Each structure stands twice: as C-alpha cells, then as structure tokens.
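Enquirer: The following file, input04.tsv, comprises TSV, C-alpha atoms:
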chain	number	residue	atom	x	y	z
A	3	MET	CA	-6.76	32.62	-102.34
A	4	GLU	CA	-7.17	30.83	-105.52
A	5	ALA	CA	-3.51	30.06	-105.36
A	6	LEU	CA	-4.17	28.05	-102.27
A	7	GLY	CA	-6.96	26.15	-104.02
A	8	ILE	CA	-9.78	27.85	-102.19
A	9	THR	CA	-12.52	29.08	-104.45
A	10	PRO	CA	-15.47	31.17	-103.35
A	11	THR	CA	-17.97	28.53	-104.54
A	12	GLY	CA	-16.01	25.78	-102.78
A	13	LEU	CA	-15.87	27.91	-99.63
A	14	ILE	CA	-19.61	28.45	-99.73
A	15	ALA	CA	-20.12	24.71	-100.27
A	16	TYR	CA	-17.88	23.96	-97.28
A	17	ILE	CA	-19.79	26.46	-95.14
A	18	ILE	CA	-23.16	25.00	-96.24
A	19	ASN	CA	-21.88	21.45	-95.64
A	20	PHE	CA	-20.54	22.46	-92.22
A	21	ALA	CA	-23.84	24.20	-91.25
A	22	LEU	CA	-25.82	21.23	-92.55
A	23	LEU	CA	-23.57	18.85	-90.56
A	24	VAL	CA	-24.01	20.95	-87.42
A	25	ILE	CA	-27.81	21.02	-87.87
A	26	LEU	CA	-27.97	17.28	-88.52
A	27	LEU	CA	-25.72	16.52	-85.56
A	28	GLN	CA	-27.88	18.83	-83.45
A	29	ILE	CA	-31.05	16.99	-84.45
A	30	PHE	CA	-29.86	13.40	-84.54
A	31	LEU	CA	-27.02	13.27	-82.05
A	32	TYR	CA	-26.89	16.16	-79.62
A	33	LYS	CA	-30.59	16.19	-78.61
A	34	PRO	CA	-30.86	12.38	-78.11
A	35	VAL	CA	-27.58	12.30	-76.20
A	36	LYS	CA	-28.71	15.29	-74.14
A	37	ASN	CA	-32.08	13.61	-73.48
A	38	MET	CA	-30.35	10.33	-72.61
A	39	LEU	CA	-28.02	12.15	-70.19
A	40	ALA	CA	-30.98	13.96	-68.63
A	41	GLU	CA	-32.84	10.66	-68.22
A	42	ARG	CA	-29.73	9.06	-66.75
A	43	GLN	CA	-29.31	11.98	-64.36
A	44	GLN	CA	-33.00	11.71	-63.37
A	45	HIS	CA	-32.64	7.94	-62.90
A	46	ILE	CA	-29.60	8.42	-60.64
A	47	ALA	CA	-31.42	11.13	-58.64
A	48	ASP	CA	-34.44	8.81	-58.25
A	49	ASN	CA	-32.18	5.98	-57.10
A	50	LEU	CA	-30.44	8.27	-54.59
A	51	ALA	CA	-33.81	9.45	-53.26
A	52	ALA	CA	-34.99	5.83	-52.98
A	53	ALA	CA	-31.77	4.93	-51.16
A	54	ASP	CA	-32.30	7.85	-48.75
A	55	ARG	CA	-35.90	6.77	-48.15
A	56	ALA	CA	-34.78	3.17	-47.56
A	57	ALA	CA	-32.09	4.37	-45.14
A	58	GLN	CA	-34.67	6.48	-43.28
A	59	GLU	CA	-37.11	3.57	-43.15
A	60	ALA	CA	-34.35	1.27	-41.93
A	61	ALA	CA	-33.39	3.78	-39.23
A	62	GLN	CA	-37.05	4.13	-38.22
A	63	GLN	CA	-37.55	0.36	-38.16
A	64	ARG	CA	-34.36	-0.03	-36.15
A	65	SER	CA	-35.53	2.53	-33.57
A	66	GLU	CA	-38.93	0.80	-33.39
A	67	PHE	CA	-37.21	-2.57	-33.02
A	68	GLU	CA	-34.97	-1.21	-30.25
A	69	LYS	CA	-38.01	0.29	-28.53
A	70	GLU	CA	-39.90	-3.03	-28.77
A	71	LEU	CA	-36.81	-4.88	-27.56
A	72	ALA	CA	-36.55	-2.54	-24.55
A	73	GLN	CA	-40.24	-3.08	-23.80
A	74	ALA	CA	-39.81	-6.84	-24.10
A	75	ARG	CA	-36.81	-6.74	-21.76
A	76	GLN	CA	-38.75	-4.67	-19.26
A	77	ALA	CA	-41.73	-7.02	-19.50
A	78	SER	CA	-39.50	-10.05	-19.01
A	79	GLN	CA	-37.89	-8.39	-15.98
A	80	VAL	CA	-41.35	-7.70	-14.54
A	81	GLU	CA	-42.37	-11.31	-15.19
A	82	ALA	CA	-39.14	-12.59	-13.63
A	83	ARG	CA	-39.73	-10.38	-10.59
A	84	LYS	CA	-43.32	-11.66	-10.30
A	85	ALA	CA	-42.11	-15.26	-10.60
A	86	ALA	CA	-39.50	-14.65	-7.90
A	87	GLU	CA	-42.11	-13.07	-5.62
A	88	THR	CA	-44.51	-15.94	-6.24
A	89	THR	CA	-41.75	-18.46	-5.54
A	90	GLU	CA	-40.81	-16.66	-2.34
A	91	LYS	CA	-44.46	-16.55	-1.25
A	92	MET	CA	-44.84	-20.26	-1.96
A	93	ARG	CA	-41.64	-20.96	-0.04
A	94	GLN	CA	-42.94	-18.98	2.94
A	95	GLU	CA	-46.28	-20.81	2.77
A	96	ILE	CA	-44.53	-24.19	2.64
A	97	LEU	CA	-42.31	-23.24	5.58
A	98	GLU	CA	-45.32	-22.03	7.56
A	99	ALA	CA	-47.23	-25.24	6.77
A	100	ALA	CA	-44.19	-27.29	7.82
A	101	ARG	CA	-43.93	-25.33	11.08
A	102	LYS	CA	-47.61	-25.86	11.80
A	103	GLU	CA	-47.34	-29.55	10.99
A	104	ALA	CA	-44.26	-29.85	13.23
A	105	GLU	CA	-46.13	-28.11	16.04
A	106	THR	CA	-49.12	-30.41	15.52
A	107	ILE	CA	-46.89	-33.48	15.56
A	108	LYS	CA	-45.10	-32.17	18.64
A	109	ALA	CA	-48.41	-31.48	20.41
A	110	GLN	CA	-49.71	-34.92	19.39
A	111	ALA	CA	-46.53	-36.59	20.65
A	112	TYR	CA	-46.75	-34.64	23.92
A	113	LYS	CA	-50.41	-35.64	24.28
A	114	GLU	CA	-49.60	-39.28	23.56
A	115	ALA	CA	-46.71	-39.15	26.05
A	116	GLU	CA	-49.05	-37.71	28.68
A	117	GLN	CA	-51.61	-40.42	27.96
A	118	GLU	CA	-48.95	-43.09	28.20
A	119	LYS	CA	-47.69	-41.53	31.42
A	120	GLU	CA	-51.21	-41.55	32.85
A	121	GLN	CA	-51.74	-45.11	31.64
A	122	ILE	CA	-48.45	-46.24	33.21
A	123	ALA	CA	-49.36	-44.44	36.42
A	124	ALA	CA	-52.78	-46.13	36.43
A	125	ASP	CA	-51.15	-49.51	35.72
A	126	LEU	CA	-48.63	-48.93	38.49
A	127	GLN	CA	-51.41	-47.92	40.86
A	128	GLU	CA	-53.37	-51.02	39.97
A	129	GLN	CA	-50.29	-53.21	40.37
A	130	ALA	CA	-49.51	-51.51	43.67
A	131	ALA	CA	-53.09	-52.12	44.79
A	132	ASP	CA	-52.89	-55.76	43.82
A	133	LEU	CA	-49.51	-56.07	45.54
A	134	ALA	CA	-50.88	-54.38	48.64
A	135	LEU	CA	-53.87	-56.73	48.65
A	136	GLN	CA	-51.60	-59.72	48.35
A	137	MET	CA	-49.36	-58.43	51.11
A	138	THR	CA	-52.38	-57.67	53.30
A	139	ARG	CA	-53.74	-61.17	52.78
A	140	LYS	CA	-50.46	-62.69	53.70
A	141	ILE	CA	-50.03	-60.49	56.74
A	142	ILE	CA	-53.59	-60.44	57.99
A	143	GLY	CA	-54.83	-63.56	56.40
A	144	GLU	CA	-58.17	-64.30	54.92
A	145	GLY	CA	-60.13	-62.67	57.74
A	146	ILE	CA	-60.90	-59.33	56.01
A	147	ASP	CA	-63.50	-59.30	53.28
A	148	GLU	CA	-62.85	-57.99	49.75
A	149	PRO	CA	-64.59	-54.55	50.04
A	150	THR	CA	-62.71	-53.75	53.25
A	151	GLN	CA	-59.45	-54.76	51.63
A	152	ARG	CA	-60.19	-52.52	48.67
A	153	LYS	CA	-60.97	-49.63	50.99
A	154	LEU	CA	-57.71	-50.13	52.87
A	155	VAL	CA	-55.72	-50.30	49.60
A	156	SER	CA	-57.39	-47.18	48.28
A	157	GLN	CA	-56.56	-45.35	51.49
A	158	PHE	CA	-52.98	-46.60	51.24
A	159	LEU	CA	-52.67	-45.35	47.64
A	160	VAL	CA	-54.13	-41.97	48.58
A	161	ASP	CA	-51.58	-41.71	51.38
A	162	LEU	CA	-48.85	-42.86	48.99
A	163	GLY	CA	-49.91	-40.24	46.39
A	164	GLU	CA	-49.74	-37.44	48.98
A	165	THR	CA	-46.19	-38.27	49.85
Re-express the file's structure as structure tokens.

Expert:
Amino acid sequence: MEALGITPTGLIAYIINFALLVILLQIFLYKPVKNMLAERQQHIADNLAAADRAAQEAAQQRSEFEKELAQARQASQVEARKAAETTEKMRQEILEAARKEAETIKAQAYKEAEQEKEQIAADLQEQAADLALQMTRKIIGEGIDEPTQRKLVSQFLVDLGET
C-alpha cells in the first residue's frame, strides 16, 4: 500500500479527520438543519390547522348567515302579508263607509224629494183653493161670506183628493 502512497499513519489521520468532520457536521450542521426542518414542519402544520379552523368558522358563519337570511325573509313575508291584510281591511272599511254614505245621501235625497213633493202638493192645493175662491166669487158674486167660501173650497178639495 505504500506503493500507492497510503501510509498507516496517514490513513489513521484521514480516519480521525473524517470522524472529526462527521462529528462537527453532526453538531453544527445536521442538528440545526434538522431542528429548522422540524420547526418548519411544525409551522406548516400549525398554518394548515389554522386554515382548517378558519374554513370551519367560515362554514359555520355562512350557515348562521343563511339561517338568519331565511328568518329575515320569513319575517318580511309575514310583514308583507300583514300589510296586505291591513290594506284589504282598510279597503273594505272605506268601501263600507262609502256605501253607508251613499245610502245616507240617497235617503236624504228621497226625504227632500218627498218634502218637495208635499210642499208642491200643498202649494197646488192652496193655489187651487184660491182659484176656486176666485171662480166662486165670479160665479156667485160677493154674496157669500169668507168663512163659508173657505168651507166650500175645503169641501171641494176633499172631493177632488178622493177622486
């Protein structure tokens, strides 16, 4: 082996140097790199767990939001239904009030028409009485006194009303 340039003391020195290099690399390089990789792996695992928690919270918040949205929709439908019912009730009340007012106006107009009819009839009767008195005076003359003439006219109007 000496022909190859390998001496036993050189070989022992190489072995000691190699062992020393392995020990130094183990202490100063392998352990810190291993620790750094472990920390990195732990950091990634923590981030993945946080992402899972955030996704679960987002899903939970979304389901709560959808539930609240459904409740709000239902409440708005109930309110819309109540408003429609109230509007319909008010419409019915207005229609009923208008019907009552129309009936009142109709009854008042009928009453006024009846009063006017009675007034016209009374006026006609009075005019007829005056006309009868005038005709009686012309026919009979001034010989009959006023109360007798009135009695005759009244009797004439009664007879006229019966026919």

Enquirer: For the atom pair atom CA of Ala131 of chain A and atom CA of Asp161 of chain A, what is the interatomic distance in Å to one decimal place?

Expert: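 Separation between atom CA of Ala131 of chain A and atom CA of Asp161 of chain A: 12.4 Å.
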
Enquirer: Using all atoms listed in the file, which of A:Gln117, A:Gln62, A:Gln136, A:Asn37 sits nearest Arg152 of chain A?

Expert: A:Gln136

Enquirer: In Å to one decimal, how far is atom CA of Tyr32 of chain A from atom CA of Ala51 of chain A?

Expert: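 Between atom CA of Ala51 of chain A and atom CA of Tyr32 of chain A the gap is 28.1 Å.
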